[in-house]
Amino acid sequence: VSAGSKNKKKWSKGKVQDKANNAVYFNAETLAKLEKEVPAYKLITPSVLVDRLRINGSLARRALRELETRGSIRLISAHNSQLIYTRATAPVATEA
């Protein structure tokens, strides 16, 4: 008779992550926040917009493209899918 059978190990269900309930379209409030606050951010990436504005990734990428065409923000690096922008300032002379 095994002595350890009464204390059988109970497996945990693991860590359950909350489902991100991000918006899939812009409402007036989010759009206003995007146009007002985002051009003031120092670092702007799709991930930052998803986190701060609670929108989904595809919406964030479209919004960044739109802000860039308007000249509100400036593209620094586009490496694969990671787009990095910064606020639009006076044109900086490139180093030699």
# chains A, B, ... in the order shown; residues from 1 in each chain; ligands from 1
$ closest_atom_pairs --of "range 38-75 of chain A" --to "range 22-29 of chain A" --cutoff "6 Å" --atoms "only C-alpha atoms" --output "Markdown table"
| residue | atom | partner | partner_atom | distance |
| --- | --- | --- | --- | --- |
| A:Arg54 | CA | A:Asn22 | CA | 4.9 |
| A:Ile55 | CA | A:Ala23 | CA | 4.5 |
| A:Asn56 | CA | A:Asn22 | CA | 5.4 |
$ residues_around --residues "Arg61 in chain A" --least-positions-apart "4" --cutoff "12 Å" --atoms "only C-alpha atoms" --output "list in words"
Ile44, Thr45, Pro46, Ser47, Val48, Leu49, Val50, Ile55, Asn56, Gly57, Arg65, Glu66, Leu67, Glu68, Ala78, Ser81, Gln82, Leu83, Ile84 and Tyr85 of chain A
$ write_last_selection --atoms "all heavy atoms" --output "short mmCIF file (atom, residue, chain, number, x, y, z; two decimals), in the first residue's frame"
data_model
loop_
_atom_site.label_atom_id
_atom_site.label_comp_id
_atom_site.auth_asym_id
_atom_site.auth_seq_id
_atom_site.Cartn_x
_atom_site.Cartn_y
_atom_site.Cartn_z
N ILE A 44 6.92 56.42 -30.88
CA ILE A 44 5.61 56.00 -31.36
C ILE A 44 5.77 54.71 -32.15
O ILE A 44 6.46 54.69 -33.17
CB ILE A 44 4.96 57.09 -32.25
CG1 ILE A 44 4.98 58.46 -31.56
CG2 ILE A 44 3.55 56.70 -32.62
CD1 ILE A 44 4.69 59.62 -32.48
N THR A 45 5.14 53.64 -31.67
CA THR A 45 5.12 52.37 -32.38
C THR A 45 3.69 51.85 -32.34
O THR A 45 2.90 52.30 -31.52
CB THR A 45 6.04 51.32 -31.71
OG1 THR A 45 5.55 51.03 -30.41
CG2 THR A 45 7.49 51.79 -31.61
N PRO A 46 3.38 50.88 -33.21
CA PRO A 46 2.04 50.29 -33.12
C PRO A 46 1.75 49.72 -31.72
O PRO A 46 0.64 49.85 -31.21
CB PRO A 46 2.07 49.18 -34.17
CG PRO A 46 3.06 49.65 -35.17
CD PRO A 46 4.10 50.38 -34.39
N SER A 47 2.76 49.14 -31.10
CA SER A 47 2.58 48.56 -29.76
C SER A 47 2.20 49.62 -28.74
O SER A 47 1.37 49.37 -27.86
CB SER A 47 3.89 47.89 -29.30
OG SER A 47 4.46 47.15 -30.32
N VAL A 48 2.79 50.80 -28.84
CA VAL A 48 2.50 51.90 -27.92
C VAL A 48 1.03 52.33 -28.08
O VAL A 48 0.33 52.54 -27.09
CB VAL A 48 3.46 53.09 -28.15
CG1 VAL A 48 2.99 54.34 -27.42
CG2 VAL A 48 4.87 52.73 -27.71
N LEU A 49 0.58 52.44 -29.34
CA LEU A 49 -0.80 52.85 -29.58
C LEU A 49 -1.79 51.80 -29.07
O LEU A 49 -2.81 52.14 -28.49
CB LEU A 49 -1.05 53.08 -31.08
CG LEU A 49 -0.34 54.26 -31.74
CD1 LEU A 49 -0.94 54.54 -33.11
CD2 LEU A 49 -0.37 55.50 -30.90
N VAL A 50 -1.48 50.52 -29.30
CA VAL A 50 -2.34 49.44 -28.82
C VAL A 50 -2.47 49.53 -27.31
O VAL A 50 -3.56 49.43 -26.75
CB VAL A 50 -1.78 48.06 -29.25
CG1 VAL A 50 -2.45 46.93 -28.48
CG2 VAL A 50 -1.94 47.86 -30.74
N ILE A 55 -6.61 50.06 -28.95
CA ILE A 55 -7.07 49.73 -30.30
C ILE A 55 -6.31 48.49 -30.75
O ILE A 55 -5.29 48.15 -30.14
CB ILE A 55 -6.84 50.90 -31.29
CG1 ILE A 55 -5.36 51.30 -31.34
CG2 ILE A 55 -7.71 52.08 -30.94
CD1 ILE A 55 -5.03 52.38 -32.33
N ASN A 56 -6.76 47.81 -31.80
CA ASN A 56 -6.02 46.63 -32.23
C ASN A 56 -4.85 47.02 -33.14
O ASN A 56 -4.74 48.16 -33.58
CB ASN A 56 -6.95 45.57 -32.84
CG ASN A 56 -7.48 45.93 -34.19
OD1 ASN A 56 -7.14 46.97 -34.75
ND2 ASN A 56 -8.33 45.09 -34.73
N GLY A 57 -3.99 46.07 -33.41
CA GLY A 57 -2.73 46.34 -34.11
C GLY A 57 -2.90 46.86 -35.52
O GLY A 57 -2.19 47.77 -35.94
N ARG A 65 0.28 55.34 -40.36
CA ARG A 65 0.49 55.69 -41.76
C ARG A 65 -0.20 57.00 -42.10
O ARG A 65 0.36 57.86 -42.79
CB ARG A 65 -0.03 54.57 -42.66
CG ARG A 65 1.03 54.01 -43.56
CD ARG A 65 0.55 52.85 -44.41
NE ARG A 65 0.52 51.64 -43.59
CZ ARG A 65 -0.44 50.73 -43.62
NH1 ARG A 65 -1.47 50.87 -44.42
NH2 ARG A 65 -0.38 49.66 -42.85
N GLU A 66 -1.41 57.16 -41.59
CA GLU A 66 -2.20 58.37 -41.83
C GLU A 66 -1.51 59.60 -41.21
O GLU A 66 -1.40 60.64 -41.85
CB GLU A 66 -3.61 58.19 -41.25
CG GLU A 66 -4.51 59.39 -41.35
CD GLU A 66 -4.84 59.82 -42.77
OE1 GLU A 66 -4.88 58.96 -43.67
OE2 GLU A 66 -5.05 61.03 -42.96
N LEU A 67 -1.05 59.46 -39.96
CA LEU A 67 -0.38 60.59 -39.30
C LEU A 67 0.92 60.96 -40.01
O LEU A 67 1.30 62.12 -40.06
CB LEU A 67 -0.08 60.23 -37.83
CG LEU A 67 -1.29 60.22 -36.88
CD1 LEU A 67 -0.87 59.71 -35.51
CD2 LEU A 67 -1.90 61.60 -36.75
N GLU A 68 1.59 59.95 -40.57
CA GLU A 68 2.84 60.24 -41.30
C GLU A 68 2.56 61.01 -42.59
O GLU A 68 3.28 61.95 -42.92
CB GLU A 68 3.59 58.94 -41.63
CG GLU A 68 4.97 59.21 -42.21
CD GLU A 68 5.66 57.98 -42.74
OE1 GLU A 68 5.02 56.93 -42.86
OE2 GLU A 68 6.85 58.10 -43.06
N ALA A 78 11.80 51.29 -40.22
CA ALA A 78 10.77 50.32 -40.56
C ALA A 78 11.47 48.99 -40.79
O ALA A 78 11.98 48.72 -41.86
CB ALA A 78 10.01 50.76 -41.80
N SER A 81 7.99 44.23 -39.47
CA SER A 81 6.69 44.79 -39.08
C SER A 81 6.81 45.80 -37.95
O SER A 81 5.82 46.34 -37.50
CB SER A 81 5.75 43.66 -38.67
OG SER A 81 6.31 42.97 -37.58
N GLN A 82 8.02 46.01 -37.43
CA GLN A 82 8.19 46.95 -36.32
C GLN A 82 8.49 48.34 -36.85
O GLN A 82 9.61 48.63 -37.25
CB GLN A 82 9.30 46.46 -35.38
CG GLN A 82 9.40 47.24 -34.09
CD GLN A 82 8.11 47.23 -33.29
OE1 GLN A 82 7.51 46.21 -33.04
NE2 GLN A 82 7.66 48.40 -32.91
N LEU A 83 7.48 49.19 -36.87
CA LEU A 83 7.62 50.56 -37.34
C LEU A 83 7.91 51.46 -36.15
O LEU A 83 7.21 51.39 -35.15
CB LEU A 83 6.34 51.02 -38.02
CG LEU A 83 5.84 50.13 -39.16
CD1 LEU A 83 4.38 50.38 -39.41
CD2 LEU A 83 6.64 50.37 -40.41
N ILE A 84 8.93 52.30 -36.27
CA ILE A 84 9.26 53.21 -35.18
C ILE A 84 9.17 54.65 -35.71
O ILE A 84 9.81 54.99 -36.69
CB ILE A 84 10.68 52.94 -34.63
CG1 ILE A 84 10.77 51.48 -34.15
CG2 ILE A 84 11.02 53.91 -33.51
CD1 ILE A 84 12.15 51.05 -33.76
N TYR A 85 8.36 55.43 -35.03
CA TYR A 85 8.16 56.83 -35.40
C TYR A 85 8.54 57.72 -34.23
O TYR A 85 8.67 57.26 -33.10
CB TYR A 85 6.68 57.10 -35.72
CG TYR A 85 6.14 56.41 -36.94
CD1 TYR A 85 5.61 55.12 -36.85
CD2 TYR A 85 6.14 57.03 -38.17
CE1 TYR A 85 5.10 54.48 -37.96
CE2 TYR A 85 5.62 56.40 -39.29
CZ TYR A 85 5.10 55.13 -39.18
OH TYR A 85 4.59 54.50 -40.28
#
$ residues_around --residues "Leu53 in chain A" --least-positions-apart "4" --cutoff "8 Å" --atoms "only C-alpha atoms" --output "list in words"
Thr30, Lys33, Leu34 and Leu49 of chain A
$ write_last_selection --atoms "all heavy atoms" --output "PDB file, in the first residue's frame"
ATOM      1  N   THR A  30     -11.615  58.228 -29.272  1.00  0.00           N
ATOM      2  CA  THR A  30     -10.289  57.660 -29.538  1.00  0.00           C
ATOM      3  C   THR A  30      -9.589  58.418 -30.663  1.00  0.00           C
ATOM      4  O   THR A  30      -8.389  58.667 -30.608  1.00  0.00           O
ATOM      5  CB  THR A  30     -10.405  56.168 -29.918  1.00  0.00           C
ATOM      6  OG1 THR A  30     -11.272  55.524 -28.996  1.00  0.00           O
ATOM      7  CG2 THR A  30      -9.061  55.487 -29.881  1.00  0.00           C
ATOM      8  N   LYS A  33      -8.241  61.657 -29.362  1.00  0.00           N
ATOM      9  CA  LYS A  33      -7.058  61.402 -28.539  1.00  0.00           C
ATOM     10  C   LYS A  33      -5.853  61.109 -29.415  1.00  0.00           C
ATOM     11  O   LYS A  33      -4.742  61.575 -29.151  1.00  0.00           O
ATOM     12  CB  LYS A  33      -7.342  60.225 -27.600  1.00  0.00           C
ATOM     13  CG  LYS A  33      -6.320  60.036 -26.515  1.00  0.00           C
ATOM     14  CD  LYS A  33      -6.756  58.981 -25.512  1.00  0.00           C
ATOM     15  CE  LYS A  33      -5.718  58.852 -24.421  1.00  0.00           C
ATOM     16  NZ  LYS A  33      -6.046  57.820 -23.446  1.00  0.00           N
ATOM     17  N   LEU A  34      -6.069  60.336 -30.499  1.00  0.00           N
ATOM     18  CA  LEU A  34      -5.000  60.004 -31.445  1.00  0.00           C
ATOM     19  C   LEU A  34      -4.418  61.268 -32.066  1.00  0.00           C
ATOM     20  O   LEU A  34      -3.207  61.464 -32.075  1.00  0.00           O
ATOM     21  CB  LEU A  34      -5.537  59.083 -32.539  1.00  0.00           C
ATOM     22  CG  LEU A  34      -4.574  58.781 -33.679  1.00  0.00           C
ATOM     23  CD1 LEU A  34      -3.680  57.620 -33.317  1.00  0.00           C
ATOM     24  CD2 LEU A  34      -5.317  58.489 -34.961  1.00  0.00           C
ATOM     25  N   LEU A  49       0.582  52.438 -29.339  1.00  0.00           N
ATOM     26  CA  LEU A  49      -0.804  52.845 -29.584  1.00  0.00           C
ATOM     27  C   LEU A  49      -1.788  51.798 -29.070  1.00  0.00           C
ATOM     28  O   LEU A  49      -2.810  52.143 -28.486  1.00  0.00           O
ATOM     29  CB  LEU A  49      -1.054  53.084 -31.082  1.00  0.00           C
ATOM     30  CG  LEU A  49      -0.339  54.260 -31.741  1.00  0.00           C
ATOM     31  CD1 LEU A  49      -0.944  54.544 -33.105  1.00  0.00           C
ATOM     32  CD2 LEU A  49      -0.372  55.504 -30.903  1.00  0.00           C
TER      33      LEU A  49
END
$ residues_around --residues "Lys42 in chain A" --least-positions-apart "3" --cutoff "10 Å" --atoms "only C-alpha atoms" --output "ChimeraX atom specification"
/A:38-39,73,85-88
$ write_last_selection --atoms "N, CA, C and O atoms" --output "mmCIF file, in the first residue's frame"
data_model
loop_
_atom_site.group_PDB
_atom_site.id
_atom_site.type_symbol
_atom_site.label_atom_id
_atom_site.label_comp_id
_atom_site.auth_asym_id
_atom_site.auth_seq_id
_atom_site.Cartn_x
_atom_site.Cartn_y
_atom_site.Cartn_z
ATOM 1 N N VAL A 38 -0.953 61.695 -29.661
ATOM 2 C CA VAL A 38 0.083 60.844 -30.274
ATOM 3 C C VAL A 38 1.231 61.649 -30.897
ATOM 4 O O VAL A 38 2.382 61.303 -30.690
ATOM 5 N N PRO A 39 0.966 62.743 -31.636
ATOM 6 C CA PRO A 39 2.099 63.496 -32.194
ATOM 7 C C PRO A 39 3.047 64.077 -31.137
ATOM 8 O O PRO A 39 4.159 64.478 -31.449
ATOM 9 N N ILE A 73 3.875 63.030 -37.643
ATOM 10 C CA ILE A 73 4.946 62.218 -37.059
ATOM 11 C C ILE A 73 5.960 61.871 -38.151
ATOM 12 O O ILE A 73 5.665 62.021 -39.344
ATOM 13 N N TYR A 85 8.355 55.434 -35.033
ATOM 14 C CA TYR A 85 8.155 56.834 -35.400
ATOM 15 C C TYR A 85 8.540 57.717 -34.227
ATOM 16 O O TYR A 85 8.665 57.262 -33.102
ATOM 17 N N THR A 86 8.712 59.006 -34.515
ATOM 18 C CA THR A 86 8.879 59.998 -33.465
ATOM 19 C C THR A 86 8.069 61.224 -33.850
ATOM 20 O O THR A 86 7.553 61.305 -34.967
ATOM 21 N N ARG A 87 7.977 62.167 -32.919
ATOM 22 C CA ARG A 87 7.198 63.373 -33.229
ATOM 23 C C ARG A 87 7.903 64.168 -34.312
ATOM 24 O O ARG A 87 9.128 64.137 -34.430
ATOM 25 N N ALA A 88 7.150 64.868 -35.100
ATOM 26 C CA ALA A 88 7.705 65.660 -36.192
ATOM 27 C C ALA A 88 8.289 66.946 -35.629
ATOM 28 O O ALA A 88 7.613 67.730 -34.989
#
$ atom_distance --atom1 "CA of Gly71 in chain A" --atom2 "CA of Lys36 in chain A"
13.6 Å
$ atom_distance --atom1 "CA of His79 in chain A" --atom2 "CA of Ser58 in chain A"
16.4 Å
$ select_by_dssp --residues "chain A" --states "alpha helix (DSSP H)" --output "VMD selection string"
chain A and resid 28 to 37 46 to 53 57 to 70
$ atom_distance --atom1 "CA of Glu37 in chain A" --atom2 "CA of Lys19 in chain A"
25.8 Å
